[in-house]
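K.L.:
I'd like to ask some things about the structure below.
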Amino acid sequence: MSDLIFIARYIARNPFSLSRRWFMKSKGPSQILKSGTGSHLRASSATQALDDCLNLAEQPQFRRLMIVDDDSDIRRLLARVFAKEPDLEIASVSSGEQAIEMSVDQKPDVILLNLGLPGINGYETCKRLKAREDAANIIIVSARSSEREQQLAFECGADDYLVKPFNIPEIISRVHVHFRLRQATRVANEAREAISNQSSRVRDIVSARMRETIAMQELALFTLARLVERRDDDTGNHVMRVQTYAGILAKELAVNSEYAYQIDDAFLDDLRRSTPLHDIGKVAISDSILRKPTKLSREEFETMQTHVTIGGDLLDEAIGSSEYGGFMKMAAEIARYHHERFDGTGYAEGLAGTEIPLSARIVALADVYDALTTERPYKPAYPVHRARELILAQRGKHFDPVIIEAFERCLPKFVDVSKRLRDSVLRETKLAPQALLMT
Ligand SMILES: [Fe+2]
Ligand SMILES: [Fe+2]
């Protein structure tokens, strides 16, 4: 493509540095593109489209020439000169008005334009013709030979200038150059359009593949998170519920809190993917502790607490081993800090207030709400009003007061989710986990 543009620009800037011999003997711009540096284009996915354009360029093109001169002798002479050309259509008019009107339908490729016309003069005619889309190449043919007059013509858009009296071989050569230039430009435009269409198809395919890959990644991680969860809870949908509660809280905070500026679509997306991994560190905790039906000893509890560091380190390592860390950064943050408390009495690092990442503060509340409202080996499921009381009592202690406020506003949604994703739902409905989340 760049070769095509280069050739078109080169010809546009230096129309007369290319000899007529080159044009007459070569097979046109397509020949240049198929040799030398242009060959790399075949390797691209757009090669076929480009070849189509080149084939088009090699096909004989019907050319249209318009002669605009008030002198009938000149019109006759030029018409006679070019009448010998094959595949050439000639139109002759005596005024600028006629040229402007006729060129709408006839769409000439090259116009030979006199400046001293009756009515609209040649400069104005040139300007109006050039204002159109896909305007013809205009060669001024005039007796006016001063530098000022030529400059004015070029300022009006003229592509070339021949001073009368002209010689026949020269005017033929110039007209041929401009036909070739038109054809090269047309080929370049066609190729650009074809490659652009091809690129957009490639982009669509790549983005579809990306979506598939991301969906597969999410499913794999979700499955991993559920496997970990299954070790200490045989039937639970804990992972899905916490993910949904956290999403509800984050959306509420995004529209109605001082944290709104921190939460955009990317944050919500990362949170959705990250939350299921919050307890991934439990993979390293023994069954005897995880599944113990009675209260843990101090030593056992300390071992249990290590799941946050283990999970954080595990996910940090995963980020380090890939250049596409993406949402894993938030996942590591949540895994490491979801047991921190707002007043600094949590674990593992004892962070306080907004030192604790927002994502982890959100998941902390979602996680505890689910633990309170579901049955565990060591406790029954508390009713919603009791869970609410316990959580509100932790305002500024365990939980961020701003997130508590959002929780109060969202409680009806929490209740609805806990019903939809109650622990027996998976078996009853046989729906895939992701499908349940869509409902
Ligand atoms: Fe945890
Ligand atoms: Fe949890």
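Note on naming: chains are A, B, ... as they come in the structure tokens, residues start from 1 per chain, ligands start from 1 in the order shown.
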What lies within 12 Å of segment 288-297 of chain A using only C-alpha atoms, ignoring chain neighbours under 5 positions off, as a PyMOL selection string?

P.N.:
chain A and resi 228-234+279+281-283+302-305+307+375-380

K.L.:
With only C-alpha atoms and all ligand atoms counted, collect every polymer residue having an atom within 12 Å of ligand 1; state the result as a PyMOL selection string.

P.N.:
chain A and resi 225+228-229+232+238-239+242+275-283+285+290+301+304-312+334-340+346-348+360+363-368+370-371

K.L.:
Restricting it to C-alpha atoms, dump the selection as a PDB file, in the first residue's frame.

P.N.:
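What landed in part-v2.pdb:
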ATOM      1  CA  ALA A 225     -11.904 -21.012  42.271  1.00  0.00           C
ATOM      2  CA  VAL A 228     -10.789 -24.555  45.912  1.00  0.00           C
ATOM      3  CA  GLU A 229     -14.146 -23.671  47.416  1.00  0.00           C
ATOM      4  CA  ASP A 232     -14.222 -26.604  52.500  1.00  0.00           C
ATOM      5  CA  HIS A 238     -20.169 -18.954  47.790  1.00  0.00           C
ATOM      6  CA  VAL A 239     -17.870 -17.862  44.971  1.00  0.00           C
ATOM      7  CA  VAL A 242     -19.657 -13.071  46.629  1.00  0.00           C
ATOM      8  CA  THR A 275     -13.548 -11.771  43.073  1.00  0.00           C
ATOM      9  CA  PRO A 276     -13.917 -15.553  42.520  1.00  0.00           C
ATOM     10  CA  LEU A 277     -10.190 -15.895  43.230  1.00  0.00           C
ATOM     11  CA  HIS A 278     -10.288 -14.210  46.651  1.00  0.00           C
ATOM     12  CA  ASP A 279      -9.733 -17.464  48.568  1.00  0.00           C
ATOM     13  CA  ILE A 280      -7.448 -19.133  46.034  1.00  0.00           C
ATOM     14  CA  GLY A 281      -4.739 -19.334  48.727  1.00  0.00           C
ATOM     15  CA  LYS A 282      -6.829 -21.975  50.536  1.00  0.00           C
ATOM     16  CA  VAL A 283      -5.435 -24.435  48.018  1.00  0.00           C
ATOM     17  CA  ILE A 285      -4.430 -25.178  53.564  1.00  0.00           C
ATOM     18  CA  LEU A 290     -10.438 -26.350  56.177  1.00  0.00           C
ATOM     19  CA  PHE A 301      -6.393 -20.143  62.837  1.00  0.00           C
ATOM     20  CA  MET A 304      -5.754 -20.513  58.006  1.00  0.00           C
ATOM     21  CA  GLN A 305      -4.800 -16.823  57.906  1.00  0.00           C
ATOM     22  CA  THR A 306      -1.860 -17.586  55.653  1.00  0.00           C
ATOM     23  CA  HIS A 307      -4.285 -18.195  52.761  1.00  0.00           C
ATOM     24  CA  VAL A 308      -4.271 -14.449  52.014  1.00  0.00           C
ATOM     25  CA  THR A 309      -0.502 -14.243  51.607  1.00  0.00           C
ATOM     26  CA  ILE A 310      -0.342 -17.519  49.724  1.00  0.00           C
ATOM     27  CA  GLY A 311      -3.140 -16.395  47.377  1.00  0.00           C
ATOM     28  CA  GLY A 312      -1.594 -12.929  46.861  1.00  0.00           C
ATOM     29  CA  ILE A 334      -8.199  -8.875  46.708  1.00  0.00           C
ATOM     30  CA  ALA A 335      -6.645 -12.219  47.619  1.00  0.00           C
ATOM     31  CA  ARG A 336      -4.037 -10.475  49.797  1.00  0.00           C
ATOM     32  CA  TYR A 337      -6.215  -7.869  51.503  1.00  0.00           C
ATOM     33  CA  HIS A 338      -9.776  -9.197  51.778  1.00  0.00           C
ATOM     34  CA  HIS A 339      -9.318  -9.958  55.507  1.00  0.00           C
ATOM     35  CA  GLU A 340      -7.941  -6.525  56.363  1.00  0.00           C
ATOM     36  CA  GLY A 346      -7.303  -7.307  60.264  1.00  0.00           C
ATOM     37  CA  TYR A 347      -4.702  -9.534  58.678  1.00  0.00           C
ATOM     38  CA  ALA A 348      -2.184 -10.165  57.162  1.00  0.00           C
ATOM     39  CA  ALA A 360     -10.583  -5.637  48.764  1.00  0.00           C
ATOM     40  CA  VAL A 363     -15.090  -7.975  48.647  1.00  0.00           C
ATOM     41  CA  ALA A 364     -14.537  -8.044  52.433  1.00  0.00           C
ATOM     42  CA  LEU A 365     -18.122  -6.972  53.063  1.00  0.00           C
ATOM     43  CA  ALA A 366     -19.553  -9.212  50.349  1.00  0.00           C
ATOM     44  CA  ASP A 367     -17.604 -12.185  51.737  1.00  0.00           C
ATOM     45  CA  VAL A 368     -18.730 -11.662  55.327  1.00  0.00           C
ATOM     46  CA  ASP A 370     -22.360 -14.425  52.565  1.00  0.00           C
ATOM     47  CA  ALA A 371     -20.666 -16.187  55.472  1.00  0.00           C
TER      48      ALA A 371
END

K.L.:
Just list as an NGL selection string whatever in segment 212-438 of chain A DSSP marks as alpha helix (DSSP H).

P.N.:
:A and (212-232 or 238-255 or 265-274 or 287-290 or 298-320 or 328-337 or 358-373 or 384-392 or 401-420 or 425-429 or 433-438)

K.L.:
Among segment 33-253 of chain A, which ones does DSSP assign to strand (DSSP E) (computed from the backbone)? Answer as an MDAnalysis selection string.

P.N.:
chainID A and resid 63:68 88:93 110:113 137:142 160:163

K.L.:
With C-alpha atoms retained, could you export that selection as a PDB file, in the first residue's frame?

P.N.:
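Contents of part29.pdb, as written:
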ATOM      1  CA  ARG A  63     -10.481   7.705 -21.240  1.00  0.00           C
ATOM      2  CA  ARG A  64     -12.357  10.975 -21.473  1.00  0.00           C
ATOM      3  CA  LEU A  65     -10.808  14.201 -22.690  1.00  0.00           C
ATOM      4  CA  MET A  66     -12.549  17.568 -22.642  1.00  0.00           C
ATOM      5  CA  ILE A  67     -11.338  20.520 -24.710  1.00  0.00           C
ATOM      6  CA  VAL A  68     -12.444  23.932 -23.439  1.00  0.00           C
ATOM      7  CA  LEU A  88     -10.627   7.944 -26.064  1.00  0.00           C
ATOM      8  CA  GLU A  89     -13.818   9.959 -25.839  1.00  0.00           C
ATOM      9  CA  ILE A  90     -13.511  13.647 -26.707  1.00  0.00           C
ATOM     10  CA  ALA A  91     -15.872  16.478 -25.785  1.00  0.00           C
ATOM     11  CA  SER A  92     -15.308  20.054 -27.046  1.00  0.00           C
ATOM     12  CA  VAL A  93     -16.954  23.109 -25.510  1.00  0.00           C
ATOM     13  CA  VAL A 110      -8.303  15.284 -18.378  1.00  0.00           C
ATOM     14  CA  ILE A 111      -9.390  18.801 -19.387  1.00  0.00           C
ATOM     15  CA  LEU A 112      -7.466  21.105 -21.728  1.00  0.00           C
ATOM     16  CA  LEU A 113      -8.590  24.525 -20.543  1.00  0.00           C
ATOM     17  CA  ASN A 137      -6.699  16.711 -14.145  1.00  0.00           C
ATOM     18  CA  ILE A 138      -6.633  20.159 -15.691  1.00  0.00           C
ATOM     19  CA  ILE A 139      -4.005  21.275 -18.163  1.00  0.00           C
ATOM     20  CA  ILE A 140      -4.149  24.999 -18.870  1.00  0.00           C
ATOM     21  CA  VAL A 141      -3.478  25.781 -22.529  1.00  0.00           C
ATOM     22  CA  SER A 142      -3.120  29.527 -22.806  1.00  0.00           C
ATOM     23  CA  ASP A 160      -0.233  21.564 -15.576  1.00  0.00           C
ATOM     24  CA  TYR A 161       0.351  24.532 -17.860  1.00  0.00           C
ATOM     25  CA  LEU A 162       1.141  24.727 -21.588  1.00  0.00           C
ATOM     26  CA  VAL A 163       1.833  28.046 -23.277  1.00  0.00           C
TER      27      VAL A 163
END

K.L.:
Between A:Arg186, A:Arg174, A:Arg272, A:Arg388, which one has atoms that come closest to Phe327 of chain A, using only C-alpha atoms?

P.N.:
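The answer is A:Arg272, which sits nearest to Phe327 of chain A.
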
K.L.:
Please measure the separation of atom CA of Ser145 of chain A and atom CA of Asn167 of chain A, giving the value in Å to one decimal.

P.N.:
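The value is 15.1 Å.
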
K.L.:
Quick one: of A:Ile319, A:Met102, A:Leu372, A:Leu219, who's nearest to ligand 2, counting only C-alpha atoms and all ligand atoms?

P.N.:
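Among the listed residues, the smallest separation from ligand 2 belongs to A:Leu372.
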
K.L.:
Residues at most 8 Å from Phe342 of chain A, counting only C-alpha atoms, excluding those fewer than 3 positions away in the same chain, as a short mmCIF file (atom, residue, chain, number, x, y, z; two decimals) with N, CA and C atoms, in the first residue's frame?

P.N.:
data_model
loop_
_atom_site.label_atom_id
_atom_site.label_comp_id
_atom_site.auth_asym_id
_atom_site.auth_seq_id
_atom_site.Cartn_x
_atom_site.Cartn_y
_atom_site.Cartn_z
N THR A 345 -7.24 -3.66 62.31
CA THR A 345 -7.06 -4.85 63.16
C THR A 345 -7.14 -6.16 62.38
N GLY A 346 -7.18 -6.07 61.06
CA GLY A 346 -7.30 -7.31 60.26
C GLY A 346 -5.95 -7.93 59.96
N LEU A 351 -3.38 -3.30 57.45
CA LEU A 351 -3.64 -2.02 56.77
C LEU A 351 -4.94 -1.42 57.32
N ALA A 352 -5.05 -0.08 57.22
CA ALA A 352 -6.26 0.57 57.74
C ALA A 352 -6.83 1.54 56.71
N GLY A 353 -8.15 1.81 56.85
CA GLY A 353 -8.82 2.82 56.02
C GLY A 353 -8.58 2.60 54.54
N THR A 354 -8.27 3.73 53.87
CA THR A 354 -8.11 3.64 52.42
C THR A 354 -6.74 3.09 52.00
N ILE A 356 -6.23 0.12 52.46
CA ILE A 356 -6.71 -1.17 51.92
C ILE A 356 -7.31 -0.87 50.54
N ARG A 361 -11.81 -3.90 50.02
CA ARG A 361 -12.80 -3.45 51.00
C ARG A 361 -14.21 -3.88 50.57
N GLY A 396 -16.95 1.33 60.29
CA GLY A 396 -15.70 1.97 60.73
C GLY A 396 -14.78 1.03 61.48
N LYS A 397 -15.26 -0.18 61.81
CA LYS A 397 -14.38 -1.15 62.51
C LYS A 397 -13.89 -2.14 61.45
N HIS A 398 -14.74 -3.14 61.18
CA HIS A 398 -14.34 -4.09 60.14
C HIS A 398 -14.49 -3.45 58.74
N PHE A 399 -15.59 -2.69 58.60
CA PHE A 399 -15.93 -2.24 57.24
C PHE A 399 -15.85 -0.72 57.06
N ASP A 400 -15.60 -0.36 55.81
CA ASP A 400 -15.57 1.04 55.39
C ASP A 400 -16.99 1.64 55.51
#

K.L.:
Within 12 Å of Ala266 of chain A, counting only C-alpha atoms, which residues show up once you throw out same-chain ones fewer than 2 positions away? Write them as a PDB file with N, CA and C atoms, in the first residue's frame, please.

P.N.:
ATOM      1  N   ALA A 250     -20.191  -2.419  44.051  1.00  0.00           N
ATOM      2  CA  ALA A 250     -19.330  -1.552  43.236  1.00  0.00           C
ATOM      3  C   ALA A 250     -20.170  -0.659  42.317  1.00  0.00           C
ATOM      4  N   LYS A 251     -21.221  -1.213  41.736  1.00  0.00           N
ATOM      5  CA  LYS A 251     -22.078  -0.404  40.850  1.00  0.00           C
ATOM      6  C   LYS A 251     -22.774   0.694  41.640  1.00  0.00           C
ATOM      7  N   ALA A 254     -20.325   3.331  42.383  1.00  0.00           N
ATOM      8  CA  ALA A 254     -19.933   4.067  41.167  1.00  0.00           C
ATOM      9  C   ALA A 254     -20.893   5.209  40.859  1.00  0.00           C
ATOM     10  N   GLN A 262     -13.311   6.445  41.262  1.00  0.00           N
ATOM     11  CA  GLN A 262     -12.354   5.320  41.165  1.00  0.00           C
ATOM     12  C   GLN A 262     -12.938   4.127  40.411  1.00  0.00           C
ATOM     13  N   ILE A 263     -14.244   4.195  40.154  1.00  0.00           N
ATOM     14  CA  ILE A 263     -14.891   3.005  39.584  1.00  0.00           C
ATOM     15  C   ILE A 263     -15.404   3.289  38.175  1.00  0.00           C
ATOM     16  N   ASP A 264     -14.735   2.686  37.208  1.00  0.00           N
ATOM     17  CA  ASP A 264     -15.206   2.793  35.825  1.00  0.00           C
ATOM     18  C   ASP A 264     -15.525   1.381  35.312  1.00  0.00           C
ATOM     19  N   LEU A 268     -15.072  -2.392  37.137  1.00  0.00           N
ATOM     20  CA  LEU A 268     -16.166  -3.347  37.344  1.00  0.00           C
ATOM     21  C   LEU A 268     -15.853  -4.686  36.681  1.00  0.00           C
ATOM     22  N   ASP A 269     -15.262  -4.603  35.495  1.00  0.00           N
ATOM     23  CA  ASP A 269     -14.918  -5.814  34.757  1.00  0.00           C
ATOM     24  C   ASP A 269     -13.843  -6.611  35.502  1.00  0.00           C
ATOM     25  N   ASP A 270     -12.808  -5.894  35.954  1.00  0.00           N
ATOM     26  CA  ASP A 270     -11.725  -6.559  36.700  1.00  0.00           C
ATOM     27  C   ASP A 270     -12.258  -7.177  37.989  1.00  0.00           C
ATOM     28  N   LEU A 271     -13.149  -6.439  38.660  1.00  0.00           N
ATOM     29  CA  LEU A 271     -13.699  -6.927  39.932  1.00  0.00           C
ATOM     30  C   LEU A 271     -14.492  -8.227  39.710  1.00  0.00           C
ATOM     31  N   ARG A 272     -15.279  -8.226  38.619  1.00  0.00           N
ATOM     32  CA  ARG A 272     -16.087  -9.408  38.310  1.00  0.00           C
ATOM     33  C   ARG A 272     -15.194 -10.639  38.097  1.00  0.00           C
ATOM     34  N   ARG A 273     -14.088 -10.422  37.393  1.00  0.00           N
ATOM     35  CA  ARG A 273     -13.206 -11.569  37.121  1.00  0.00           C
ATOM     36  C   ARG A 273     -12.365 -11.939  38.337  1.00  0.00           C
ATOM     37  N   SER A 274     -12.038 -10.937  39.166  1.00  0.00           N
ATOM     38  CA  SER A 274     -11.094 -11.167  40.267  1.00  0.00           C
ATOM     39  C   SER A 274     -11.720 -11.795  41.496  1.00  0.00           C
ATOM     40  N   GLY A 326      -3.198  -8.016  33.189  1.00  0.00           N
ATOM     41  CA  GLY A 326      -4.586  -7.565  33.171  1.00  0.00           C
ATOM     42  C   GLY A 326      -5.228  -7.550  34.541  1.00  0.00           C
ATOM     43  N   PHE A 327      -6.394  -8.186  34.642  1.00  0.00           N
ATOM     44  CA  PHE A 327      -7.175  -8.133  35.871  1.00  0.00           C
ATOM     45  C   PHE A 327      -6.511  -8.865  37.034  1.00  0.00           C
ATOM     46  N   MET A 330      -5.657  -6.900  40.157  1.00  0.00           N
ATOM     47  CA  MET A 330      -6.720  -6.701  41.144  1.00  0.00           C
ATOM     48  C   MET A 330      -7.002  -7.994  41.895  1.00  0.00           C
TER      49      MET A 330
END

K.L.:
Show me, as a list in words, the residues that have an atom within 9 Å of segment 128-132 of chain A when counting only C-alpha atoms, minus same-chain residues fewer than 4 positions from it.

P.N.:
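Those residues are Ala99, Ile100, Ser103, Tyr123, Glu124, Ala136, Asn137, Ile138, Cys156, Gly157 and Ala158 of chain A.
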
K.L.:
Keeping only N, CA and C atoms, write the selected residues as a PDB file, in the first residue's frame.

P.N.:
ATOM      1  N   ALA A  99     -18.410  23.755 -19.797  1.00  0.00           N
ATOM      2  CA  ALA A  99     -17.476  22.760 -19.244  1.00  0.00           C
ATOM      3  C   ALA A  99     -17.954  22.281 -17.878  1.00  0.00           C
ATOM      4  N   ILE A 100     -18.368  23.231 -17.042  1.00  0.00           N
ATOM      5  CA  ILE A 100     -18.828  22.878 -15.687  1.00  0.00           C
ATOM      6  C   ILE A 100     -20.075  22.000 -15.764  1.00  0.00           C
ATOM      7  N   SER A 103     -19.317  18.451 -17.446  1.00  0.00           N
ATOM      8  CA  SER A 103     -18.425  17.544 -16.708  1.00  0.00           C
ATOM      9  C   SER A 103     -19.159  16.802 -15.588  1.00  0.00           C
ATOM     10  N   TYR A 123      -9.734  30.847 -15.004  1.00  0.00           N
ATOM     11  CA  TYR A 123      -9.314  30.654 -13.602  1.00  0.00           C
ATOM     12  C   TYR A 123     -10.502  30.169 -12.757  1.00  0.00           C
ATOM     13  N   GLU A 124     -11.625  30.889 -12.905  1.00  0.00           N
ATOM     14  CA  GLU A 124     -12.805  30.546 -12.102  1.00  0.00           C
ATOM     15  C   GLU A 124     -13.340  29.155 -12.496  1.00  0.00           C
ATOM     16  N   ALA A 136     -11.274  16.200 -12.561  1.00  0.00           N
ATOM     17  CA  ALA A 136     -10.344  15.853 -13.651  1.00  0.00           C
ATOM     18  C   ALA A 136      -8.995  16.537 -13.435  1.00  0.00           C
ATOM     19  N   ASN A 137      -7.985  16.007 -14.107  1.00  0.00           N
ATOM     20  CA  ASN A 137      -6.699  16.711 -14.145  1.00  0.00           C
ATOM     21  C   ASN A 137      -6.829  17.827 -15.179  1.00  0.00           C
ATOM     22  N   ILE A 138      -6.439  19.017 -14.788  1.00  0.00           N
ATOM     23  CA  ILE A 138      -6.633  20.159 -15.691  1.00  0.00           C
ATOM     24  C   ILE A 138      -5.292  20.674 -16.207  1.00  0.00           C
ATOM     25  N   CYS A 156      -5.497  28.124  -8.567  1.00  0.00           N
ATOM     26  CA  CYS A 156      -6.900  27.739  -8.813  1.00  0.00           C
ATOM     27  C   CYS A 156      -7.054  26.227  -8.966  1.00  0.00           C
ATOM     28  N   GLY A 157      -5.948  25.492  -8.857  1.00  0.00           N
ATOM     29  CA  GLY A 157      -6.046  24.024  -8.874  1.00  0.00           C
ATOM     30  C   GLY A 157      -5.531  23.371 -10.138  1.00  0.00           C
ATOM     31  N   ALA A 158      -5.030  24.149 -11.080  1.00  0.00           N
ATOM     32  CA  ALA A 158      -4.525  23.552 -12.326  1.00  0.00           C
ATOM     33  C   ALA A 158      -3.391  22.572 -12.026  1.00  0.00           C
TER      34      ALA A 158
END

K.L.:
Have a look at A:Gln394, A:Ala260, A:Thr374, A:Ser207 and name the one nearest to ligand 2; count only C-alpha atoms and all ligand atoms.

P.N.:
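Among the listed residues, the smallest separation from ligand 2 belongs to A:Thr374.
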
K.L.:
From the set A:Met216, A:Val81, A:Leu224, A:Met240, which residue has the shortest atom-to-atom contact distance to ligand 2, counting only C-alpha atoms and all ligand atoms?

P.N.:
A:Met240

K.L.:
As an exercise, work out the distance from atom CA of Ala406 of chain A to atom 1 (Fe, counted along the ligand's line) of ligand 2 in Å and give it to one decimal place.

P.N.:
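Those two atoms sit 20.0 Å apart.
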
K.L.:
Atom CA of Ile120 of chain A and atom CA of Glu97 of chain A, how far apart in Å?

P.N.:
6.6 Å
